[in-house]
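Structure data follow from target.txt (compact mmCIF, C-alpha atoms):
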# COMPACT_ATOMS: atom_id res chain seq x y z
CA MET N 19 103.30 93.76 86.44
CA TYR N 20 104.06 90.86 84.08
CA THR N 21 106.70 92.73 82.08
CA ASN N 22 108.44 93.80 85.27
CA TYR N 23 108.59 90.20 86.38
CA THR N 24 111.97 89.83 84.72
CA ASP N 25 114.72 87.32 85.25
CA ILE N 26 116.15 89.51 88.00
CA THR N 27 112.96 89.14 90.05
CA LYS N 28 113.37 85.36 89.88
CA THR N 29 116.65 85.74 91.73
CA GLY N 30 114.97 87.44 94.69
CA ALA N 31 116.55 90.89 94.26
CA PRO N 32 114.14 93.49 95.71
CA TYR N 33 113.10 96.71 94.00
CA VAL N 34 115.78 98.84 95.67
CA MET N 35 118.45 96.51 94.24
CA GLN N 36 116.80 96.48 90.83
CA LEU N 37 117.22 100.26 90.62
CA ARG N 38 121.01 99.91 90.78
CA LEU N 39 121.03 98.75 87.17
CA SER N 40 119.93 102.12 85.85
CA PHE N 41 120.67 104.60 88.66
CA GLY N 42 123.89 103.24 90.18
CA ALA N 43 124.58 102.14 93.76
CA LYS N 44 123.94 105.50 95.43
CA GLY N 45 121.54 106.85 92.85
CA ALA N 46 119.24 103.89 93.52
CA LYS N 47 118.90 104.94 97.16
CA ALA N 48 117.54 108.34 96.21
CA ALA N 49 115.32 106.89 93.46
CA SER N 50 113.82 104.35 95.86
CA LEU N 51 112.27 107.18 97.87
CA LEU N 52 109.89 107.81 94.99
CA ARG N 53 108.31 104.44 95.79
CA GLY N 54 108.76 104.57 99.56
CA ILE N 55 107.13 107.93 100.26
CA PRO N 56 103.77 107.18 98.57
CA ALA N 57 103.66 103.82 100.35
CA VAL N 58 104.10 105.48 103.74
CA VAL N 59 101.31 107.98 103.00
CA TRP N 60 99.01 105.18 101.84
CA PHE N 61 99.88 103.18 104.96
CA GLY N 62 98.69 106.08 107.09
CA PHE N 63 95.60 106.72 104.95
CA GLN N 64 94.53 103.07 104.90
CA SER N 65 95.19 102.65 108.62
CA TRP N 66 93.05 105.66 109.47
CA THR N 67 90.25 104.21 107.32
CA GLY N 68 90.60 100.98 109.26
CA ALA N 69 90.62 102.94 112.52
CA LEU N 70 87.27 104.52 111.59
CA ALA N 71 85.85 101.04 111.10
CA LEU N 72 87.43 99.80 114.34
CA ALA N 73 85.94 102.77 116.20
CA GLN N 74 82.56 101.90 114.73
CA ILE N 75 82.93 98.37 116.10
CA SER N 76 83.92 99.76 119.50
CA LYS N 77 80.94 102.11 119.51
CA ILE N 78 78.44 99.33 118.78
CA THR N 79 79.91 96.76 121.17
CA LEU N 80 81.28 98.92 124.02
CA GLY N 81 79.62 102.28 123.55
CA ILE N 82 83.05 103.93 123.18
CA SER N 83 84.43 105.51 120.03
CA ASN N 84 87.99 106.85 119.95
CA VAL N 85 89.47 106.93 116.45
CA PRO N 86 93.04 108.09 117.39
CA VAL N 87 93.38 105.24 119.89
CA CYS N 88 92.07 102.75 117.31
CA PHE N 89 94.54 104.19 114.80
CA ALA N 90 97.48 103.66 117.18
CA ILE N 91 96.34 100.10 117.98
CA LEU N 92 95.99 99.26 114.30
CA LEU N 93 99.41 100.68 113.41
CA VAL N 94 101.16 98.68 116.13
CA LEU N 95 99.24 95.48 115.32
CA GLN N 96 100.10 95.65 111.62
CA ILE N 97 103.78 96.27 112.27
CA LEU N 98 103.95 93.41 114.75
CA LEU N 99 102.35 91.04 112.24
CA ALA N 100 104.62 92.24 109.42
CA ARG N 101 107.65 91.85 111.67
CA ARG N 102 107.07 88.10 111.82
CA GLY N 103 108.13 87.86 108.19
CA PHE N 104 106.55 87.32 104.81
CA LYS N 105 105.42 83.77 105.59
CA SER N 106 103.22 84.94 108.45
CA ILE N 107 101.91 87.76 106.25
CA LYS N 108 101.12 85.27 103.49
CA TRP N 109 99.29 82.99 105.91
CA PHE N 110 97.31 85.89 107.38
CA THR N 111 96.40 87.50 104.06
CA SER N 112 95.43 84.20 102.40
CA ILE N 113 92.74 83.57 104.99
CA ILE N 114 91.56 87.13 105.47
CA SER N 115 91.48 87.96 101.75
CA THR N 116 89.05 85.11 101.15
CA ILE N 117 86.75 86.35 103.91
CA VAL N 118 86.97 89.95 102.69
CA MET N 119 86.18 89.01 99.08
CA ILE N 120 83.08 87.11 100.19
CA ALA N 121 81.96 90.15 102.19
CA LEU N 122 82.67 92.54 99.31
CA PHE N 123 80.77 90.37 96.87
CA SER N 124 77.83 90.25 99.29
CA VAL N 125 77.74 94.06 99.54
CA PHE N 126 78.05 94.26 95.75
CA ILE N 127 75.00 92.00 95.27
CA LEU N 128 73.07 93.87 97.97
CA LEU N 129 73.70 97.21 96.27
CA LEU N 130 72.63 95.84 92.89
CA THR N 131 69.42 94.32 94.19
CA GLN N 132 68.29 97.18 96.46
CA HIS N 133 69.70 100.34 94.87
CA MET N 134 69.91 99.55 91.17
CA GLY N 135 67.90 102.61 90.15
CA MET N 136 70.19 105.10 91.87
CA ILE N 137 73.33 103.29 90.66
CA THR N 138 72.02 103.34 87.10
CA SER N 139 71.18 107.05 87.18
CA LYS N 140 74.47 108.14 88.74
CA LEU N 141 76.99 105.68 87.29
CA VAL N 142 75.53 104.18 84.11
CA VAL N 143 73.21 106.74 82.53
CA THR N 144 75.36 109.81 83.01
CA LYS N 145 76.64 112.50 80.70
CA GLY N 146 80.32 112.72 80.00
CA SER N 147 82.83 113.28 77.22
CA TRP N 148 85.29 110.56 78.19
CA GLY N 149 87.86 113.27 77.75
CA LEU N 150 90.44 114.65 80.15
CA THR N 151 88.41 113.82 83.27
CA PHE N 152 88.16 110.18 82.24
CA PHE N 153 91.89 109.86 81.61
CA SER N 154 92.57 111.70 84.85
CA PHE N 155 90.89 108.84 86.71
CA ILE N 156 92.91 106.33 84.65
CA VAL N 157 96.09 108.14 85.72
CA ALA N 158 94.95 107.98 89.35
CA PHE N 159 94.47 104.22 88.97
CA LEU N 160 97.88 103.80 87.30
CA GLY N 161 99.57 105.96 89.91
CA ASN N 162 98.12 103.77 92.63
CA TYR N 163 98.87 100.46 90.98
CA THR N 164 102.25 101.34 89.46
CA ALA N 165 103.69 101.59 92.95
CA ILE N 166 102.76 97.93 93.44
CA PHE N 167 103.95 97.03 89.94
CA GLU N 168 107.39 98.49 90.56
CA SER N 169 107.69 96.39 93.71
CA ALA N 170 106.90 93.17 91.86
CA ALA N 171 110.29 91.77 92.83
CA ASP N 172 109.51 92.32 96.51
CA TYR N 173 106.56 89.94 96.20
CA SER N 174 107.67 87.48 93.52
CA ARG N 175 110.81 86.63 95.49
CA GLU N 176 108.50 84.82 97.92
CA LEU N 177 106.82 82.61 95.31
CA LYS N 178 107.77 78.97 95.00
CA PRO N 179 110.47 78.28 92.40
CA GLY N 180 109.64 76.36 89.26
CA MET N 181 106.52 78.29 88.25
CA SER N 182 106.25 79.18 84.58
CA ASN N 183 106.08 82.80 83.51
CA LYS N 184 102.54 82.30 82.21
CA TYR N 185 101.34 80.94 85.54
CA ARG N 186 103.00 83.78 87.45
CA GLY N 187 101.44 86.27 85.05
CA PHE N 188 98.07 84.65 85.71
CA LEU N 189 98.62 85.07 89.46
CA TYR N 190 99.24 88.80 88.93
CA LEU N 191 96.27 89.22 86.59
CA CYS N 192 93.61 87.66 88.83
CA PRO N 193 93.87 90.19 91.69
CA ILE N 194 93.82 93.09 89.23
CA LEU N 195 90.76 91.90 87.30
CA PHE N 196 88.69 90.44 90.12
CA ALA N 197 89.75 91.58 93.58
CA TYR N 198 90.84 95.11 92.69
CA GLY N 199 88.02 95.48 90.17
CA ILE N 200 85.20 94.53 92.53
CA THR N 201 86.72 96.67 95.29
CA VAL N 202 86.78 99.79 93.12
CA LEU N 203 83.34 99.06 91.65
CA THR N 204 81.73 98.44 95.04
CA GLY N 205 83.29 101.61 96.43
CA ALA N 206 82.00 103.64 93.48
CA MET N 207 78.52 102.17 93.93
CA LEU N 208 78.57 102.98 97.66
CA ALA N 209 79.56 106.58 96.92
CA ALA N 210 76.83 106.87 94.28
CA VAL N 211 74.14 105.57 96.62
CA THR N 212 75.13 107.49 99.76
CA GLY N 213 77.04 110.47 98.38
CA ILE N 214 79.88 109.70 100.84
CA SER N 215 83.37 108.80 99.62
CA SER N 216 84.54 107.16 102.86
CA PRO N 217 83.43 103.48 102.77
CA VAL N 218 83.17 103.30 106.56
CA ASN N 219 80.85 106.29 106.87
CA ALA N 220 78.93 105.18 103.77
CA MET N 221 78.32 101.74 105.31
CA ALA N 222 77.01 103.30 108.51
CA VAL N 223 74.52 105.39 106.51
CA LEU N 224 73.51 102.59 104.17
CA PHE N 225 72.91 99.89 106.79
CA HIS N 226 70.78 100.84 109.77
CA ASN N 227 71.24 97.36 111.22
CA ASN N 228 73.97 97.25 113.88
CA VAL N 229 74.80 93.60 113.19
CA ILE N 230 75.40 94.24 109.48
CA THR N 231 77.35 97.43 110.22
CA LEU N 232 79.46 95.50 112.72
CA LEU N 233 80.28 92.74 110.24
CA VAL N 234 81.06 95.12 107.39
CA SER N 235 83.28 97.27 109.64
CA PHE N 236 85.14 94.15 110.73
CA PHE N 237 85.76 93.19 107.11
CA ILE N 238 87.03 96.70 106.35
CA VAL N 239 89.57 96.43 109.19
CA LEU N 240 90.76 93.08 107.85
CA SER N 241 91.02 94.31 104.26
CA VAL N 242 93.04 97.35 105.36
CA MET N 243 95.47 95.12 107.23
CA THR N 244 96.00 92.74 104.31
CA THR N 245 96.60 95.61 101.87
CA ASN N 246 98.98 97.47 104.14
CA MET N 247 101.16 94.54 105.17
CA VAL N 248 101.88 93.57 101.57
CA ALA N 249 101.78 96.83 99.61
CA ASN N 250 102.50 99.64 102.08
CA ILE N 251 104.75 98.29 104.86
CA LEU N 252 107.31 96.03 103.18
CA PRO N 253 108.37 98.32 100.26
CA PRO N 254 109.28 101.35 102.44
CA THR N 255 110.85 98.97 104.95
CA TYR N 256 113.23 97.72 102.26
CA VAL N 257 113.94 101.33 101.26
CA ILE N 258 114.82 102.40 104.82
CA THR N 259 116.88 99.25 105.38
CA ASN N 260 118.86 100.00 102.24
CA LEU N 261 119.29 103.69 103.06
CA PHE N 262 120.32 103.45 106.70
CA LYS N 263 121.46 99.82 107.07
CA THR N 264 119.01 99.24 109.92
CA SER N 265 117.29 96.01 110.86
CA GLN N 266 113.85 95.35 109.43
CA THR N 267 112.29 95.73 112.88
CA VAL N 268 113.69 99.25 113.29
CA ALA N 269 112.77 100.13 109.69
CA MET N 270 109.17 98.99 110.22
CA ALA N 271 108.94 101.09 113.38
CA ILE N 272 110.15 104.12 111.42
CA VAL N 273 107.57 103.43 108.72
CA GLY N 274 104.85 103.37 111.37
CA VAL N 275 105.95 106.69 112.87
CA LEU N 276 106.14 108.33 109.44
CA ALA N 277 102.68 106.99 108.56
CA ALA N 278 101.26 108.55 111.72
CA CYS N 279 102.91 111.86 110.77
CA SER N 280 101.33 111.92 107.28
CA PHE N 281 98.09 113.47 108.66
CA PRO N 282 95.78 110.69 107.39
CA TRP N 283 92.87 112.16 109.37
CA VAL N 284 92.98 115.08 106.94
CA LEU N 285 93.37 113.01 103.79
CA VAL N 286 90.44 110.72 104.62
CA LYS N 287 87.91 113.59 104.79
CA ASP N 288 85.46 114.00 101.91
CA SER N 289 86.69 117.58 101.53
CA SER N 290 90.25 116.27 101.03
CA SER N 291 89.43 113.77 98.27
CA ALA N 292 90.54 116.28 95.60
CA GLY N 293 93.81 116.81 97.45
CA LEU N 294 94.43 113.07 97.68
CA ASN N 295 93.74 112.76 93.96
CA THR N 296 96.25 115.55 93.30
CA PHE N 297 98.83 113.75 95.47
CA ILE N 298 98.43 110.60 93.34
CA HIS N 299 98.86 112.61 90.15
CA LEU N 300 101.94 114.35 91.53
CA TYR N 301 103.84 111.20 92.43
CA SER N 302 102.74 109.76 89.08
CA LEU N 303 104.92 112.49 87.57
CA PHE N 304 107.88 110.37 88.68
CA LEU N 305 106.47 106.82 88.69
CA GLY N 306 105.60 107.03 84.98
CA PRO N 307 109.14 107.76 83.75
CA MET N 308 110.59 105.49 86.46
CA THR N 309 108.62 102.57 85.02
CA ALA N 310 109.85 103.29 81.50
CA ILE N 311 113.47 103.55 82.69
CA ILE N 312 113.30 100.21 84.52
CA LEU N 313 111.86 98.39 81.49
CA ILE N 314 114.21 99.97 78.93
CA GLU N 315 117.24 99.26 81.11
CA TYR N 316 116.45 95.58 81.39
CA TYR N 317 114.93 94.74 78.01
CA VAL N 318 116.82 97.12 75.69
CA GLU N 319 120.11 98.08 77.30
CA ARG N 320 120.95 94.82 79.09
CA ARG N 321 119.00 92.49 76.80
CA GLN N 322 117.64 90.59 79.82
CA HIS N 323 121.09 89.64 81.16
CA VAL N 324 122.11 90.61 84.70
CA ASN N 325 125.16 89.67 86.73
CA LEU N 326 123.52 88.99 90.09
CA LYS N 327 126.72 88.73 92.16
CA ALA N 328 127.97 91.99 90.70
CA LEU N 329 124.64 93.66 91.48
CA TYR N 330 125.24 93.11 95.20
CA ASN N 331 128.93 94.08 94.99
CA VAL N 332 128.87 97.83 95.68
CA LYS N 333 132.65 98.25 95.42
CA ASN N 334 132.64 97.51 91.69
CA GLN N 335 129.66 99.72 90.81
CA LYS N 336 129.45 103.36 89.80
CA ALA N 337 127.86 105.53 92.49
CA ILE N 338 125.52 107.27 90.06
CA HIS N 339 124.50 106.69 86.45
CA TRP N 340 123.44 110.18 85.40
CA ASN N 341 121.34 109.27 82.36
CA ALA N 342 118.57 107.75 84.47
CA PRO N 343 117.98 110.67 86.87
CA LEU N 344 118.22 113.13 83.96
CA ALA N 345 115.64 111.16 81.97
CA LEU N 346 113.49 110.97 85.10
CA MET N 347 113.56 114.76 85.47
CA ILE N 348 112.82 115.28 81.76
CA GLY N 349 109.85 112.91 81.94
CA ALA N 350 108.53 114.51 85.14
CA GLY N 351 109.00 117.99 83.72
CA ILE N 352 107.01 117.21 80.58
CA ALA N 353 104.35 115.41 82.62
CA MET N 354 103.99 118.52 84.78
CA THR N 355 102.60 120.41 81.79
CA GLN N 356 99.40 118.37 82.12
CA VAL N 357 99.12 116.82 85.57
CA ASP N 358 95.87 115.01 84.72
CA LEU N 359 97.87 112.96 82.18
CA SER N 360 101.04 112.81 84.26
CA TRP N 361 101.63 109.06 84.15
CA PHE N 362 101.21 108.73 80.37
CA LEU N 363 103.27 111.80 79.52
CA GLY N 364 106.00 110.88 82.00
CA PHE N 365 106.17 107.27 80.83
CA PHE N 366 106.66 108.06 77.15
CA ALA N 367 108.76 111.21 77.59
CA GLY N 368 111.02 109.63 80.22
CA GLY N 369 111.38 106.41 78.24
CA ILE N 370 112.29 108.20 74.99
CA ALA N 371 114.68 110.53 76.84
CA TYR N 372 116.44 107.60 78.52
CA PHE N 373 116.80 105.71 75.24
CA ILE N 374 118.29 108.76 73.49
CA LEU N 375 120.56 109.74 76.39
CA ASN N 376 122.07 106.24 76.47
CA ARG N 377 123.10 106.67 72.84
CA VAL N 378 124.31 110.24 73.08
CA HIS N 379 126.09 109.86 76.43
CA HIS N 380 127.44 106.32 76.81
CA GLU N 381 127.80 105.07 80.39
CA ASP N 382 129.75 101.99 81.40
CA ARG N 383 127.21 99.40 82.59
CA SER N 384 129.68 96.74 83.66
CA MET N 385 129.50 96.30 87.43
CA SER N 386 132.13 93.65 88.07
CA PRO N 387 134.60 91.37 86.32
CA ILE N 388 132.63 88.34 87.63
CA LYS N 389 131.64 86.18 84.66
CA GLU N 390 128.60 84.40 86.10
CA VAL N 391 125.47 85.73 84.42
CA VAL N 392 121.87 85.11 85.43
CA SER N 393 119.51 85.09 82.46

Could you show the structure in this file as structure tokens?
Amino acid sequence: MYTNYTDITKTGAPYVMQLRLSFGAKGAKAASLLRGIPAVVWFGFQSWTGALALAQISKITLGISNVPVCFAILLVLQILLARRGFKSIKWFTSIISTIVMIALFSVFILLLTQHMGMITSKLVVTKGSWGLTFFSFIVAFLGNYTAIFESAADYSRELKPGMSNKYRGFLYLCPILFAYGITVLTGAMLAAVTGISSPVNAMAVLFHNNVITLLVSFFIVLSVMTTNMVANILPPTYVITNLFKTSQTVAMAIVGVLAACSFPWVLVKDSSSAGLNTFIHLYSLFLGPMTAIILIEYYVERRQHVNLKALYNVKNQKAIHWNAPLALMIGAGIAMTQVDLSWFLGFFAGGIAYFILNRVHHEDRSMSPIKEVVS
């Protein structure tokens, strides 16, 4: 995340524009789909998880439980909130994230104090080689988080100017270490105690008190909304806007429809957890080499110098730079030989291939005669 916060992200250029440097004006549109598609699927998956929690709330308070209706309500509500712009999202997530973290920490402490024996036997004192299975989970984590990493420019463009790189790096590091860490750890502990991977269903089994179940379900709905509006709605919205030149409102509506068509009710089942894990590994085939290409392009090929005005001037850019998509395919192809290590293999293979291709097949990187350089 920190290394991708380059000088270009300071200028406010989103991810889809950043791809033009290595893929060309039209090539970037196709490459952006590799970030947009996983985000849409995760939007649907997360929203269905939130709908399960919302249905639980409805069941306790009204005696009615209709998950599809709750899913539709949640989709529309999130899109309407996101439509108001990043400032409204920032205001909403700042408040809700604080509440959610307090709730998560409370559940974390409750699990430790009341179910420590079971957690120890299933998570701590357990046999394992730390071999391929371990790294497979690391790849799943990287595949999930790399999508956010590659959209760093979409978020950092909203930060106040004047912040030092160290302070911005600190702002990126805190959510990863604390918020994301305690979320994953609490979820793993819940699954170990209840044997259920879905946090909503696990909460219902763990807590037999309707008041506690109601509160926890409410916090799950809020956490789903904060995650989706930042990580899973805006990135594909930018992709669709760039592809079809639509307004953000229309693009967000399309994202919502596509999320509903991703069959999240299938992915959220315990029986589908292996399939969801495979999906993460498959798109990591491409996100690994994509990450390497982005970093090599900026740090090695362009030496951290970008002509911002030229970047937005399509007329003076090549439609496609072929080295990048070729390196992407080479990296993905090698990563396919061992899907459980897809991100690592793709990252190194794609990065090395891109570096070599740029020296064997030279491509003109100048985008415009404009002399102004942002660095």

Would you kindly return, as a list in words, each protein, DNA or RNA residue with an atom no farther than 8 Å from any atom of Ile238 (chain N), considering all atoms listed in the file and excluding same-chain residues fewer than 4 positions away?
Gly68, Ala71, Val118, Val218, Val234 and Val242 of chain N

Point-to-point distance in Å for CA of Leu37 (chain N) and CA of Val58 (chain N)
19.3 Å

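Closest approach to Val142 (chain N) among N:His380, N:Ala210, N:Ile113, N:Ala171 is made by N:Ala210 (distances from all atoms listed in the file).
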
Which polymer residues have any atom within 6 Å of an atom of region 263-280 of chain N, counting only C-alpha atoms, with same-chain residues fewer than 4 positions away left out, as an NGL selection string?
:N and (58-59 or 61-62 or 255 or 258-259)

Out of N:Tyr317, N:Ser241, N:Met354, N:Phe225, which residue has the shortest atom-to-atom distance to Leu128 (chain N) when counting all atoms listed in the file?
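Counting all atoms listed in the file, the residue closest to Leu128 (chain N) is N:Phe225.
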
Complete region 61-73 of chain N at the level of N, CA, C and O atoms, written as an mmCIF file, in the coordinates of the input.
data_model
loop_
_atom_site.group_PDB
_atom_site.id
_atom_site.type_symbol
_atom_site.label_atom_id
_atom_site.label_comp_id
_atom_site.auth_asym_id
_atom_site.auth_seq_id
_atom_site.Cartn_x
_atom_site.Cartn_y
_atom_site.Cartn_z
ATOM 1 N N PHE N 61 99.946 103.953 103.718
ATOM 2 C CA PHE N 61 99.880 103.180 104.960
ATOM 3 C C PHE N 61 99.098 103.961 106.012
ATOM 4 O O PHE N 61 98.218 103.425 106.702
ATOM 5 N N GLY N 62 99.406 105.251 106.139
ATOM 6 C CA GLY N 62 98.690 106.080 107.090
ATOM 7 C C GLY N 62 97.221 106.257 106.713
ATOM 8 O O GLY N 62 96.327 106.145 107.567
ATOM 9 N N PHE N 63 96.976 106.509 105.436
ATOM 10 C CA PHE N 63 95.600 106.720 104.950
ATOM 11 C C PHE N 63 94.743 105.473 105.172
ATOM 12 O O PHE N 63 93.621 105.551 105.695
ATOM 13 N N GLN N 64 95.287 104.326 104.760
ATOM 14 C CA GLN N 64 94.530 103.070 104.900
ATOM 15 C C GLN N 64 94.314 102.731 106.371
ATOM 16 O O GLN N 64 93.236 102.259 106.762
ATOM 17 N N SER N 65 95.317 102.968 107.194
ATOM 18 C CA SER N 65 95.190 102.650 108.620
ATOM 19 C C SER N 65 94.149 103.526 109.298
ATOM 20 O O SER N 65 93.418 103.065 110.182
ATOM 21 N N TRP N 66 94.072 104.786 108.893
ATOM 22 C CA TRP N 66 93.050 105.660 109.470
ATOM 23 C C TRP N 66 91.649 105.220 109.042
ATOM 24 O O TRP N 66 90.699 105.268 109.832
ATOM 25 N N THR N 67 91.528 104.767 107.776
ATOM 26 C CA THR N 67 90.250 104.210 107.320
ATOM 27 C C THR N 67 89.873 103.001 108.152
ATOM 28 O O THR N 67 88.716 102.836 108.561
ATOM 29 N N GLY N 68 90.856 102.134 108.407
ATOM 30 C CA GLY N 68 90.600 100.980 109.260
ATOM 31 C C GLY N 68 90.261 101.375 110.681
ATOM 32 O O GLY N 68 89.428 100.740 111.335
ATOM 33 N N ALA N 69 90.895 102.457 111.169
ATOM 34 C CA ALA N 69 90.620 102.940 112.520
ATOM 35 C C ALA N 69 89.186 103.453 112.645
ATOM 36 O O ALA N 69 88.534 103.276 113.687
ATOM 37 N N LEU N 70 88.672 104.076 111.587
ATOM 38 C CA LEU N 70 87.270 104.520 111.590
ATOM 39 C C LEU N 70 86.331 103.331 111.728
ATOM 40 O O LEU N 70 85.339 103.381 112.467
ATOM 41 N N ALA N 71 86.674 102.249 111.006
ATOM 42 C CA ALA N 71 85.850 101.040 111.100
ATOM 43 C C ALA N 71 85.982 100.394 112.478
ATOM 44 O O ALA N 71 84.992 99.922 113.051
ATOM 45 N N LEU N 72 87.203 100.378 113.013
ATOM 46 C CA LEU N 72 87.430 99.800 114.340
ATOM 47 C C LEU N 72 86.697 100.604 115.414
ATOM 48 O O LEU N 72 86.141 100.034 116.373
ATOM 49 N N ALA N 73 86.669 101.916 115.248
ATOM 50 C CA ALA N 73 85.940 102.770 116.200
ATOM 51 C C ALA N 73 84.436 102.515 116.109
ATOM 52 O O ALA N 73 83.727 102.583 117.123
#
